[in-house]
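Engineer: Provided below: query26.txt, containing compact mmCIF, C-alpha atoms.
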# COMPACT_ATOMS: atom_id res chain seq x y z
CA MET R 893 0.00 0.00 0.00
CA SER R 894 1.34 3.43 -0.88
CA SER R 895 2.09 5.65 2.08
CA THR R 896 1.82 8.82 0.00
CA ILE R 897 -0.98 11.21 0.69
CA SER R 898 -2.58 10.34 -2.67
CA ALA R 899 -3.43 6.95 -1.19
CA ALA R 900 -5.93 8.59 1.15
CA THR R 901 -9.48 9.12 0.01
CA PHE R 902 -9.45 12.40 1.97
CA LYS R 903 -8.80 15.24 -0.50
CA LEU R 904 -8.02 18.73 0.65
CA ASN R 905 -9.19 20.83 -2.27
CA ASP R 906 -10.41 18.41 -4.93
CA GLN R 907 -13.31 20.50 -6.22
CA ALA R 908 -14.35 17.83 -8.72
CA ALA R 909 -14.84 15.33 -5.88
CA LEU R 910 -17.40 17.50 -4.09
CA SER R 911 -21.07 16.59 -4.46
CA PRO R 912 -23.61 19.25 -5.53
CA ALA R 913 -24.64 19.64 -1.88
CA GLN R 914 -21.02 20.10 -0.81
CA GLN R 915 -20.38 22.61 -3.61
CA SER R 916 -23.48 24.53 -2.52
CA LEU R 917 -22.21 24.53 1.06
CA GLU R 918 -18.79 25.81 -0.02
CA HIS R 919 -20.46 28.67 -1.90
CA GLN R 920 -22.65 29.51 1.11
CA LEU R 921 -19.61 29.48 3.39
CA LEU R 922 -17.69 32.01 1.32
CA THR R 923 -20.78 34.21 0.98
CA PHE R 924 -21.27 34.09 4.77
CA ILE R 925 -17.62 35.02 5.34
CA ARG R 926 -17.84 37.96 2.95
CA THR R 927 -21.05 39.17 4.60
CA HIS R 928 -19.91 38.93 8.22
CA ARG R 929 -16.14 39.47 8.21
CA GLN R 930 -16.37 43.25 8.59
CA GLN R 931 -18.96 43.22 11.36
CA LYS R 932 -17.99 44.13 14.91
CA GLN R 933 -19.62 41.06 16.46
CA PRO R 934 -18.23 37.56 15.71
CA SER R 935 -20.38 35.27 13.55
CA LEU R 936 -20.72 31.48 13.47
CA PHE R 937 -21.35 29.03 10.63
CA VAL R 938 -22.05 25.51 11.94
CA ILE R 939 -21.84 22.38 9.76
CA HIS R 940 -23.64 19.36 11.20
CA GLY R 941 -23.34 15.79 9.96
CA ASP R 942 -22.72 12.19 10.94
CA ALA R 943 -19.41 10.37 10.46
CA GLY R 944 -18.73 9.87 6.76
CA THR R 945 -20.91 12.69 5.40
CA GLY R 946 -17.96 14.62 3.99
CA LYS R 947 -17.74 17.40 6.56
CA SER R 948 -13.95 17.57 6.62
CA ALA R 949 -13.67 17.34 2.84
CA VAL R 950 -15.90 20.35 2.19
CA LEU R 951 -14.38 22.30 5.08
CA ALA R 952 -10.89 21.75 3.70
CA ALA R 953 -11.93 22.61 0.14
CA ALA R 954 -13.57 25.85 1.30
CA PHE R 955 -10.50 26.75 3.36
CA ALA R 956 -8.21 26.16 0.38
CA ARG R 957 -10.45 28.41 -1.74
CA LEU R 958 -10.37 31.08 0.96
CA GLN R 959 -6.58 30.97 1.16
CA ALA R 960 -6.28 31.14 -2.62
CA LEU R 961 -8.25 34.40 -2.51
CA ASN R 962 -6.27 35.57 0.51
CA ARG R 963 -2.93 35.10 -1.28
CA SER R 964 -4.08 36.09 -4.75
CA LEU R 965 -2.14 38.86 -6.50
CA THR R 966 -5.41 40.03 -8.01
CA PRO R 967 -7.24 42.46 -5.69
CA ASN R 968 -10.36 40.95 -4.10
CA ASP R 969 -12.43 41.39 -0.93
CA LEU R 970 -10.70 38.47 0.86
CA GLN R 971 -7.13 39.37 -0.06
CA ALA R 972 -4.60 39.68 2.81
CA THR R 973 -6.90 38.16 5.43
CA ASP R 974 -5.64 36.26 8.48
CA ASN R 975 -7.18 32.77 8.44
CA TYR R 976 -6.58 29.42 10.17
CA LEU R 977 -7.93 25.89 10.26
CA VAL R 978 -7.70 24.22 13.68
CA VAL R 979 -8.28 20.63 14.73
CA ASN R 980 -7.76 19.05 18.14
CA HIS R 981 -6.64 15.75 16.63
CA ASN R 982 -2.95 15.00 16.03
CA GLU R 983 -3.42 12.51 13.19
CA MET R 984 -5.83 14.78 11.29
CA LEU R 985 -3.42 17.68 11.74
CA LYS R 986 -0.71 15.59 10.06
CA ILE R 987 -2.97 15.06 7.05
CA TYR R 988 -3.64 18.78 6.76
CA LYS R 989 0.03 19.73 7.06
CA ARG R 990 1.10 17.09 4.53
CA LEU R 991 -1.51 18.27 2.06
CA ALA R 992 -0.54 21.90 2.66
CA GLY R 993 2.95 21.05 1.47
CA GLU R 994 1.50 19.99 -1.89
CA ASP R 995 -0.72 23.07 -2.44
CA PRO R 996 0.93 26.36 -3.43
CA VAL R 997 -1.75 28.52 -1.77
CA LEU R 998 -1.46 26.82 1.63
CA ARG R 999 1.15 27.03 4.37
CA LYS R 1000 1.73 24.57 7.18
CA LYS R 1001 1.31 27.43 9.64
CA ASP R 1002 -2.30 27.79 8.41
CA PHE R 1003 -3.14 24.63 10.38
CA GLN R 1004 -3.00 24.73 14.17
CA LYS R 1005 -4.05 22.94 17.33
CA PRO R 1006 -6.68 25.05 19.16
CA THR R 1007 -4.64 25.78 22.29
CA SER R 1008 -1.64 26.91 20.25
CA LEU R 1009 -3.74 29.29 18.19
CA ILE R 1010 -5.66 30.65 21.20
CA ASN R 1011 -2.44 31.36 23.09
CA ARG R 1012 -0.80 32.99 20.07
CA LEU R 1013 -3.73 35.29 19.29
CA ALA R 1014 -4.09 36.22 22.96
CA LYS R 1015 -0.38 37.01 23.28
CA ASP R 1016 -0.47 39.23 20.18
CA HIS R 1017 -3.77 40.88 21.22
CA ARG R 1018 -5.27 40.32 17.80
CA GLN R 1019 -8.25 38.78 16.06
CA ALA R 1020 -8.08 36.35 13.18
CA ASP R 1021 -10.40 37.07 10.28
CA VAL R 1022 -11.68 33.51 9.82
CA VAL R 1023 -11.09 30.39 11.90
CA PHE R 1024 -12.25 27.04 10.57
CA ILE R 1025 -12.63 24.33 13.24
CA ASP R 1026 -12.67 20.72 12.11
CA GLU R 1027 -13.99 18.18 14.64
CA ALA R 1028 -15.24 20.99 16.91
CA HIS R 1029 -16.84 18.34 19.13
CA LEU R 1030 -13.27 17.57 20.28
CA LEU R 1031 -12.73 21.07 21.68
CA LEU R 1032 -12.15 21.18 25.41
CA THR R 1033 -15.03 22.27 27.65
CA GLN R 1034 -12.91 22.63 30.78
CA PRO R 1035 -9.33 23.65 31.68
CA ASP R 1036 -6.71 21.04 30.85
CA ARG R 1037 -3.19 21.39 32.26
CA TYR R 1038 -1.86 18.62 30.02
CA ASN R 1039 -2.89 20.58 26.92
CA ARG R 1040 -1.79 23.89 28.47
CA PHE R 1041 -5.31 25.25 28.20
CA THR R 1042 -6.23 27.48 31.14
CA GLY R 1043 -9.58 28.77 29.86
CA HIS R 1044 -12.94 27.12 30.42
CA ASN R 1045 -14.09 26.45 26.85
CA GLN R 1046 -11.96 26.44 23.72
CA LEU R 1047 -14.84 27.45 21.44
CA THR R 1048 -15.46 30.54 23.59
CA GLU R 1049 -11.80 31.53 23.31
CA LEU R 1050 -11.67 30.99 19.55
CA ILE R 1051 -14.82 33.08 19.05
CA ASN R 1052 -13.33 35.85 21.20
CA HIS R 1053 -10.28 35.99 18.92
CA SER R 1054 -12.03 35.68 15.54
CA ARG R 1055 -14.38 37.65 13.30
CA VAL R 1056 -15.93 34.58 11.67
CA VAL R 1057 -15.84 31.02 13.01
CA VAL R 1058 -16.76 28.06 10.79
CA LEU R 1059 -17.09 24.80 12.71
CA VAL R 1060 -17.89 21.16 12.05
CA PHE R 1061 -19.92 19.63 14.87
CA ASP R 1062 -21.18 16.12 15.63
CA THR R 1063 -22.03 15.24 19.24
CA ARG R 1064 -22.01 11.53 18.32
CA GLN R 1065 -18.23 11.74 17.95
CA VAL R 1066 -17.53 13.11 21.44
CA LEU R 1067 -15.03 10.70 23.03
CA LYS R 1068 -13.99 12.26 26.36
CA LEU R 1069 -15.72 13.86 29.32
CA LYS R 1070 -13.28 16.78 29.25
CA SER R 1071 -14.59 17.66 25.80
CA TYR R 1072 -18.17 16.58 26.45
CA TRP R 1073 -20.80 18.43 24.44
CA HIS R 1074 -24.53 17.86 24.90
CA SER R 1075 -26.63 18.12 21.76
CA ASN R 1076 -27.93 21.53 22.88
CA ASP R 1077 -24.62 22.94 24.17
CA LEU R 1078 -24.17 25.05 21.03
CA LYS R 1079 -27.44 26.89 21.67
CA PRO R 1080 -25.98 29.56 24.00
CA PHE R 1081 -23.43 30.42 21.31
CA LEU R 1082 -26.06 30.53 18.57
CA ASP R 1083 -28.31 32.70 20.74
CA GLN R 1084 -25.48 35.17 21.30
CA TYR R 1085 -24.00 35.58 17.82
CA PRO R 1086 -25.22 35.92 14.22
CA HIS R 1087 -25.10 32.42 12.80
CA ALA R 1088 -26.08 29.94 10.11
CA ASN R 1089 -26.51 26.15 10.20
CA TYR R 1090 -26.04 23.58 7.46
CA ASN R 1091 -26.70 19.86 7.73
CA LEU R 1092 -24.86 17.31 5.59
CA ASP R 1093 -26.83 14.08 5.53
CA GLU R 1094 -25.54 12.23 2.46
CA GLN R 1095 -23.27 9.33 3.40
CA PHE R 1096 -20.08 9.39 1.31
CA ARG R 1097 -17.91 6.87 3.14
CA VAL R 1098 -20.07 3.80 3.82
CA THR R 1099 -21.11 2.58 0.36
CA GLY R 1100 -23.66 0.02 1.54
CA GLY R 1101 -26.57 2.43 1.42
CA ALA R 1102 -29.17 3.40 3.99
CA ASP R 1103 -29.72 -0.16 5.26
CA VAL R 1104 -26.09 -0.56 6.34
CA VAL R 1105 -25.93 2.89 7.92
CA ASP R 1106 -29.25 2.25 9.71
CA TRP R 1107 -27.90 -1.04 11.05
CA ILE R 1108 -24.80 0.69 12.48
CA ASP R 1109 -26.90 3.53 13.89
CA GLY R 1110 -29.20 1.00 15.54
CA PHE R 1111 -26.25 -0.87 17.03
CA THR R 1112 -24.88 2.34 18.56
CA ARG R 1113 -28.27 2.91 20.19
CA GLY R 1114 -28.24 -0.61 21.64
CA GLN R 1115 -30.55 -2.12 19.02
CA LEU R 1116 -29.87 -5.28 17.04
CA GLN R 1117 -31.54 -5.33 13.64
CA PRO R 1118 -31.46 -8.07 10.99
CA LYS R 1119 -28.26 -8.14 9.00
CA PRO R 1120 -28.67 -5.86 5.97
CA VAL R 1121 -28.10 -7.28 2.51
CA SER R 1122 -25.96 -5.14 0.22
CA ASP R 1123 -24.34 -5.93 -3.11
CA ASN R 1124 -21.58 -3.34 -2.67
CA PHE R 1125 -20.78 -3.56 1.05
CA ASP R 1126 -19.24 -6.54 2.81
CA LEU R 1127 -20.59 -6.86 6.37
CA ARG R 1128 -19.42 -9.96 8.23
CA PHE R 1129 -19.27 -11.31 11.79
CA PHE R 1130 -16.50 -13.62 13.01
CA ASP R 1131 -16.22 -16.22 15.76
CA ASP R 1132 -12.46 -15.59 16.09
CA GLY R 1133 -10.20 -12.62 15.50
CA GLN R 1134 -7.55 -14.49 13.51
CA PRO R 1135 -9.62 -15.22 10.37
CA LEU R 1136 -10.90 -11.62 10.54
CA TYR R 1137 -7.31 -10.36 10.52
CA ASP R 1138 -6.37 -12.74 7.73
CA LEU R 1139 -9.16 -11.28 5.60
CA ILE R 1140 -8.10 -7.71 6.44
CA LYS R 1141 -4.56 -8.50 5.26
CA GLN R 1142 -5.98 -9.97 2.07
CA ARG R 1143 -8.14 -6.90 1.48
CA ASP R 1144 -5.18 -4.60 2.11
CA GLN R 1145 -3.13 -6.47 -0.48
CA GLN R 1146 -6.02 -6.26 -2.95
CA TYR R 1147 -7.30 -2.72 -2.38
CA GLY R 1148 -5.11 -0.99 0.22
CA LEU R 1149 -6.28 0.93 3.30
CA ALA R 1150 -7.58 -2.07 5.25
CA ARG R 1151 -6.87 -1.92 8.98
CA MET R 1152 -7.75 -3.46 12.35
CA VAL R 1153 -9.28 -1.17 15.00
CA ALA R 1154 -10.73 -1.79 18.46
CA THR R 1155 -12.58 -0.27 21.36
CA ALA R 1156 -10.37 0.87 24.25
CA ASP R 1157 -10.98 -2.24 26.36
CA PHE R 1158 -7.71 -4.07 26.72
CA PRO R 1159 -5.76 -3.66 29.97
CA TYR R 1160 -2.11 -2.75 29.86
CA VAL R 1161 -0.04 -5.80 30.70
CA VAL R 1162 3.71 -5.33 30.44
CA ASN R 1163 5.03 -7.76 27.84
CA HIS R 1164 8.46 -6.65 26.64
CA GLY R 1165 7.12 -3.09 26.52
CA THR R 1166 4.24 -3.92 24.15
CA TRP R 1167 0.53 -3.46 24.86
CA TYR R 1168 -1.55 -6.14 23.16
CA VAL R 1169 -5.11 -6.51 21.94
CA THR R 1170 -6.44 -10.07 22.09
CA ALA R 1171 -9.39 -11.39 20.11
CA GLY R 1172 -9.75 -15.16 20.38
CA GLN R 1173 -6.61 -16.63 18.80
CA LEU R 1174 -5.48 -13.22 17.56
CA LYS R 1175 -2.90 -11.17 19.45
CA LEU R 1176 -1.72 -7.87 17.98
CA PRO R 1177 -0.11 -4.78 19.52
CA TRP R 1178 -2.04 -1.54 19.96
CA ASP R 1179 -1.05 1.35 17.73
CA LYS R 1180 2.25 2.73 18.95
CA VAL R 1181 3.05 6.38 19.59
CA ASN R 1182 3.40 7.90 16.14
CA LEU R 1183 6.25 10.39 16.04
CA THR R 1184 6.38 10.50 12.24
CA ASP R 1185 4.66 13.02 9.97
CA ASP R 1186 2.69 10.22 8.31
CA PRO R 1187 -0.82 9.54 9.70
CA TRP R 1188 -1.29 6.10 11.23
CA ALA R 1189 -3.61 4.71 8.56
CA LEU R 1190 -1.20 5.56 5.74
CA ARG R 1191 1.83 3.76 7.18
CA PRO R 1192 2.23 0.22 5.75
CA GLU R 1193 3.59 -1.26 9.00
CA THR R 1194 0.37 -0.41 10.87
CA LEU R 1195 -1.27 -3.36 9.13
CA ASN R 1196 0.39 -5.28 11.96
CA GLU R 1197 -1.20 -3.14 14.68
CA VAL R 1198 -4.68 -2.39 16.02
CA GLY R 1199 -5.80 1.21 15.67
CA SER R 1200 -7.81 3.18 18.21
CA ILE R 1201 -10.39 5.92 17.96
CA TYR R 1202 -7.56 8.40 18.44
CA THR R 1203 -5.61 7.24 15.40
CA ILE R 1204 -8.52 6.52 13.05
CA GLN R 1205 -11.17 9.17 13.78
CA GLY R 1206 -11.81 11.27 10.69
CA PHE R 1207 -10.11 8.88 8.25
CA ASP R 1208 -11.43 6.74 5.43
CA LEU R 1209 -10.51 3.07 5.21
CA ASN R 1210 -11.55 0.74 2.44
CA TYR R 1211 -12.12 -2.14 4.90
CA ALA R 1212 -12.29 -1.98 8.69
CA GLY R 1213 -11.89 -4.92 11.04
CA VAL R 1214 -13.50 -3.91 14.34
CA ILE R 1215 -12.82 -5.69 17.63
CA LEU R 1216 -15.49 -4.98 20.24
CA GLY R 1217 -13.83 -5.44 23.62
CA PRO R 1218 -15.19 -6.49 27.02
CA SER R 1219 -17.03 -3.20 27.61
CA VAL R 1220 -19.48 -4.12 24.83
CA GLY R 1221 -21.91 -6.87 25.79
CA TYR R 1222 -25.37 -8.33 25.20
CA ASP R 1223 -28.54 -8.34 27.30
CA GLU R 1224 -30.29 -11.56 26.33
CA ASP R 1225 -33.50 -10.74 28.23
CA HIS R 1226 -34.07 -7.57 26.23
CA ASP R 1227 -32.12 -8.50 23.08
CA ARG R 1228 -30.04 -5.34 23.35
CA ILE R 1229 -26.43 -4.20 23.13
CA VAL R 1230 -25.18 -3.01 26.51
CA VAL R 1231 -21.98 -1.18 27.42
CA ARG R 1232 -20.08 -1.44 30.69
CA PRO R 1233 -18.05 1.68 31.59
CA GLU R 1234 -16.27 -0.21 34.36
CA ARG R 1235 -14.65 -2.41 31.67
CA TYR R 1236 -13.54 0.53 29.51
CA GLU R 1237 -9.78 0.97 29.80
CA ASP R 1238 -9.48 4.52 28.48
CA GLN R 1239 -9.45 6.19 31.88
CA GLU R 1240 -8.49 9.54 30.36
CA ALA R 1241 -11.86 9.53 28.58
CA PHE R 1242 -13.63 9.29 31.95
CA LYS R 1243 -11.56 11.87 33.80
CA ASN R 1244 -13.95 13.05 36.51
CA ARG R 1245 -16.27 15.99 35.95
CA THR R 1246 -18.27 17.50 38.80
CA ASP R 1247 -20.38 19.79 36.59
CA LEU R 1248 -22.15 17.20 34.44
CA GLY R 1249 -24.38 15.45 37.01
CA ASP R 1250 -24.77 11.67 36.77
CA LEU R 1251 -21.78 10.52 34.73
CA ARG R 1252 -22.79 6.90 34.07
CA PRO R 1253 -25.14 7.61 31.12
CA LEU R 1254 -22.55 10.01 29.69
CA LYS R 1255 -19.85 7.35 29.97
CA GLN R 1256 -22.14 4.86 28.24
CA GLN R 1257 -22.74 7.36 25.45
CA ILE R 1258 -19.01 7.91 25.01
CA ILE R 1259 -18.52 4.15 24.51
CA PHE R 1260 -21.37 4.03 21.98
CA ASN R 1261 -19.83 7.08 20.26
CA SER R 1262 -16.50 5.27 19.99
CA ILE R 1263 -18.24 2.28 18.42
CA ASN R 1264 -19.94 4.60 15.93
CA VAL R 1265 -16.58 6.12 14.98
CA LEU R 1266 -14.98 2.69 14.47
CA MET R 1267 -17.85 1.10 12.56
CA LYS R 1268 -18.10 3.97 10.06
CA ARG R 1269 -14.48 3.86 8.88
CA GLY R 1270 -14.81 1.29 6.09
CA ARG R 1271 -16.02 2.36 2.66
CA TYR R 1272 -16.58 -1.13 1.26
CA GLY R 1273 -16.55 -3.50 4.20
CA LEU R 1274 -16.96 -3.90 7.96
CA TYR R 1275 -15.81 -7.05 9.77
CA ILE R 1276 -16.72 -7.47 13.44
CA TYR R 1277 -15.50 -9.70 16.26
CA ALA R 1278 -16.99 -9.38 19.75
CA VAL R 1279 -14.94 -10.48 22.76
CA ASP R 1280 -18.12 -11.00 24.81
CA PRO R 1281 -19.28 -14.60 24.06
CA ALA R 1282 -23.02 -13.82 24.28
CA LEU R 1283 -22.74 -10.86 21.91
CA ARG R 1284 -20.53 -12.83 19.56
CA GLN R 1285 -23.05 -15.66 19.29
CA ARG R 1286 -25.93 -13.22 18.82
CA LEU R 1287 -24.13 -11.47 15.98
CA LEU R 1288 -23.29 -14.79 14.31
CA ALA R 1289 -26.97 -15.72 14.58
CA LEU R 1290 -27.94 -12.69 12.53
Taking this structure as input, can you express it in the form of structure tokens?

Structural biologist:
Amino acid sequence: MSSTISAATFKLNDQAALSPAQQSLEHQLLTFIRTHRQQKQPSLFVIHGDAGTGKSAVLAAAFARLQALNRSLTPNDLQATDNYLVVNHNEMLKIYKRLAGEDPVLRKKDFQKPTSLINRLAKDHRQADVVFIDEAHLLLTQPDRYNRFTGHNQLTELINHSRVVVLVFDTRQVLKLKSYWHSNDLKPFLDQYPHANYNLDEQFRVTGGADVVDWIDGFTRGQLQPKPVSDNFDLRFFDDGQPLYDLIKQRDQQYGLARMVATADFPYVVNHGTWYVTAGQLKLPWDKVNLTDDPWALRPETLNEVGSIYTIQGFDLNYAGVILGPSVGYDEDHDRIVVRPERYEDQEAFKNRTDLGDLRPLKQQIIFNSINVLMKRGRYGLYIYAVDPALRQRLLAL
């Protein structure tokens, strides 16, 4: 599999790849920016959409168009503006910076982590003209010493230092309590500032059609529906992880971009410094700390690892092998998927919050959100193995 950026289905400014709805959104975005950039009060443009609806693709294409106008030698109303695209996701940031190196109108400095940009703008006592925020549902909603963020909400800080903010938002992809957003948490911002909303609802990643997407959506609400039949999407359940992995390797050799991923359910046991995921007869190491400039999914050696939500969120795969760990189980009496926060090993995701009330349902939702992220990675196929024996047998019975 090629590790070059062209191997990714994510395109930064491929105008021809945008659907009519995405092209319309791009046009509306630039019109909104032109209308509101000179106003005294900040303005917000919010893009809603589920995983795989092309939010990042259209955001990136619009940003590239904006920067082309910004750096154009021909006078225009967006020339010499100060614009940034921020994302609180290391692997996505690598994609943006790599792609920026291939586009003459973009600079790597155009792409920032939110805390870095907030601190820089605050230090310089200035406002950016336009700030695009990809994966805004990952913005922090409380101070975080580890990330050197001393404010209380990163979106608030970005709005305070911008004239126009364009953000992608999907509460079903919230993965940590420290960045927990309720579905109505944007309302105070929308009530305070001039704004527009746009909803992307066409599924671009999962090719199996509405039946496959509905099945995944049902699963992430605890519901088990009959297995959908699709001629162009390969959905399979496995009674052992090894044959699943064997098929993923075969698919990667055939089509590229096939990877194993798993829920964060496998305890750290020191074994020569390696942290393993086990799935029946299969034993593979978790994704290792990636210090390279290449995103995890585009590195050939990661075929021998298991990816997590933190390395795969936002990326397209052709085929995804998903291991559902011990936190995902089955309630036989009610024929429902259940999740068990006490079995979830990502303790950073559940870092205690005293301002959110009863945390158990929120923790359960975070686990379901992580499953949603993992299951919607594959364009052409989804292969599932459940560690929980009861859930595994129920899925095989489908």

Engineer: Choose the residue, out of R:Asp1093, R:Asp1123, R:Asp1077, R:Asp942, that has the smallest atom-to-atom separation from Leu1047 (chain R); count only C-alpha atoms.

Structural biologist: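 Answer, going by the shortest atom-to-atom distance: R:Asp1077.
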
Engineer: I need the residue nearest Gln1173 (chain R) from this list: R:Gly1199, R:Pro1135, R:Pro1192, R:Gly1270. Use only C-alpha atoms for the distance.

Structural biologist: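 Answer, going by the shortest atom-to-atom distance: R:Pro1135.
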
Engineer: Kindly provide, as a count of residues only, the polymer residues lying within 10 Å of (-30.1, 21.5, 14.7), counting all atoms listed in the file and using the coordinates exactly as they appear in the file.

Structural biologist: 10

Engineer: Between CA of Leu1176 (chain R) and CA of Asn1124 (chain R), measure the distance and give it in Å to one decimal.

Structural biologist: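 Here the two named atoms are 29.0 Å from each other.
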
Engineer: What is the distance, in Å and to one decimal place, between CA of Asp1062 (chain R) and CA of Leu1032 (chain R)?

Structural biologist: 14.2 Å

Engineer: What does the structure give for the distance between CA of Leu1274 (chain R) and CA of Leu1069 (chain R), in Å to one decimal?

Structural biologist: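 Between these atoms lies a distance of 27.8 Å.
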
Engineer: Please complete region 1024-1044 of chain R so it has N, CA and C atoms, and hand it over as a PDB file, in the coordinates of the input.

Structural biologist:
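As a result, part_12.pdb now contains:
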ATOM      1  N   PHE R1024     -11.516  28.271  10.843  1.00  0.00           N
ATOM      2  CA  PHE R1024     -12.250  27.040  10.570  1.00  0.00           C
ATOM      3  C   PHE R1024     -11.892  26.046  11.677  1.00  0.00           C
ATOM      4  N   ILE R1025     -12.872  25.330  12.193  1.00  0.00           N
ATOM      5  CA  ILE R1025     -12.630  24.330  13.240  1.00  0.00           C
ATOM      6  C   ILE R1025     -13.160  22.984  12.751  1.00  0.00           C
ATOM      7  N   ASP R1026     -12.253  22.084  12.444  1.00  0.00           N
ATOM      8  CA  ASP R1026     -12.670  20.720  12.110  1.00  0.00           C
ATOM      9  C   ASP R1026     -12.801  19.926  13.410  1.00  0.00           C
ATOM     10  N   GLU R1027     -13.755  19.000  13.446  1.00  0.00           N
ATOM     11  CA  GLU R1027     -13.990  18.180  14.640  1.00  0.00           C
ATOM     12  C   GLU R1027     -14.170  19.066  15.880  1.00  0.00           C
ATOM     13  N   ALA R1028     -15.048  20.060  15.790  1.00  0.00           N
ATOM     14  CA  ALA R1028     -15.240  20.990  16.910  1.00  0.00           C
ATOM     15  C   ALA R1028     -15.764  20.287  18.157  1.00  0.00           C
ATOM     16  N   HIS R1029     -16.374  19.120  17.990  1.00  0.00           N
ATOM     17  CA  HIS R1029     -16.840  18.340  19.130  1.00  0.00           C
ATOM     18  C   HIS R1029     -15.682  17.801  19.970  1.00  0.00           C
ATOM     19  N   LEU R1030     -14.438  17.970  19.502  1.00  0.00           N
ATOM     20  CA  LEU R1030     -13.270  17.570  20.280  1.00  0.00           C
ATOM     21  C   LEU R1030     -12.674  18.737  21.068  1.00  0.00           C
ATOM     22  N   LEU R1031     -13.232  19.924  20.916  1.00  0.00           N
ATOM     23  CA  LEU R1031     -12.730  21.070  21.680  1.00  0.00           C
ATOM     24  C   LEU R1031     -12.980  20.857  23.168  1.00  0.00           C
ATOM     25  N   LEU R1032     -12.050  21.342  23.970  1.00  0.00           N
ATOM     26  CA  LEU R1032     -12.150  21.180  25.410  1.00  0.00           C
ATOM     27  C   LEU R1032     -13.264  22.063  25.979  1.00  0.00           C
ATOM     28  N   THR R1033     -13.985  21.510  26.967  1.00  0.00           N
ATOM     29  CA  THR R1033     -15.030  22.270  27.650  1.00  0.00           C
ATOM     30  C   THR R1033     -14.686  22.480  29.115  1.00  0.00           C
ATOM     31  N   GLN R1034     -13.406  22.336  29.433  1.00  0.00           N
ATOM     32  CA  GLN R1034     -12.910  22.630  30.780  1.00  0.00           C
ATOM     33  C   GLN R1034     -11.408  22.844  30.684  1.00  0.00           C
ATOM     34  N   PRO R1035     -10.791  23.473  31.699  1.00  0.00           N
ATOM     35  CA  PRO R1035      -9.330  23.650  31.680  1.00  0.00           C
ATOM     36  C   PRO R1035      -8.631  22.292  31.617  1.00  0.00           C
ATOM     37  N   ASP R1036      -7.471  22.286  30.986  1.00  0.00           N
ATOM     38  CA  ASP R1036      -6.710  21.040  30.850  1.00  0.00           C
ATOM     39  C   ASP R1036      -5.221  21.373  30.909  1.00  0.00           C
ATOM     40  N   ARG R1037      -4.609  21.062  32.057  1.00  0.00           N
ATOM     41  CA  ARG R1037      -3.190  21.390  32.260  1.00  0.00           C
ATOM     42  C   ARG R1037      -2.320  20.656  31.262  1.00  0.00           C
ATOM     43  N   TYR R1038      -2.677  19.405  30.945  1.00  0.00           N
ATOM     44  CA  TYR R1038      -1.860  18.620  30.020  1.00  0.00           C
ATOM     45  C   TYR R1038      -1.765  19.303  28.662  1.00  0.00           C
ATOM     46  N   ASN R1039      -2.864  19.889  28.214  1.00  0.00           N
ATOM     47  CA  ASN R1039      -2.890  20.580  26.920  1.00  0.00           C
ATOM     48  C   ASN R1039      -2.587  22.066  27.032  1.00  0.00           C
ATOM     49  N   ARG R1040      -2.173  22.502  28.224  1.00  0.00           N
ATOM     50  CA  ARG R1040      -1.790  23.890  28.470  1.00  0.00           C
ATOM     51  C   ARG R1040      -2.934  24.863  28.159  1.00  0.00           C
ATOM     52  N   PHE R1041      -4.152  24.390  28.404  1.00  0.00           N
ATOM     53  CA  PHE R1041      -5.310  25.250  28.200  1.00  0.00           C
ATOM     54  C   PHE R1041      -5.851  25.672  29.557  1.00  0.00           C
ATOM     55  N   THR R1042      -5.811  26.979  29.828  1.00  0.00           N
ATOM     56  CA  THR R1042      -6.230  27.480  31.140  1.00  0.00           C
ATOM     57  C   THR R1042      -7.604  28.127  31.114  1.00  0.00           C
ATOM     58  N   GLY R1043      -8.219  28.229  29.943  1.00  0.00           N
ATOM     59  CA  GLY R1043      -9.580  28.770  29.860  1.00  0.00           C
ATOM     60  C   GLY R1043     -10.601  27.730  30.261  1.00  0.00           C
ATOM     61  N   HIS R1044     -11.868  28.037  30.020  1.00  0.00           N
ATOM     62  CA  HIS R1044     -12.940  27.120  30.420  1.00  0.00           C
ATOM     63  C   HIS R1044     -13.623  26.463  29.219  1.00  0.00           C
TER      64      HIS R1044
END
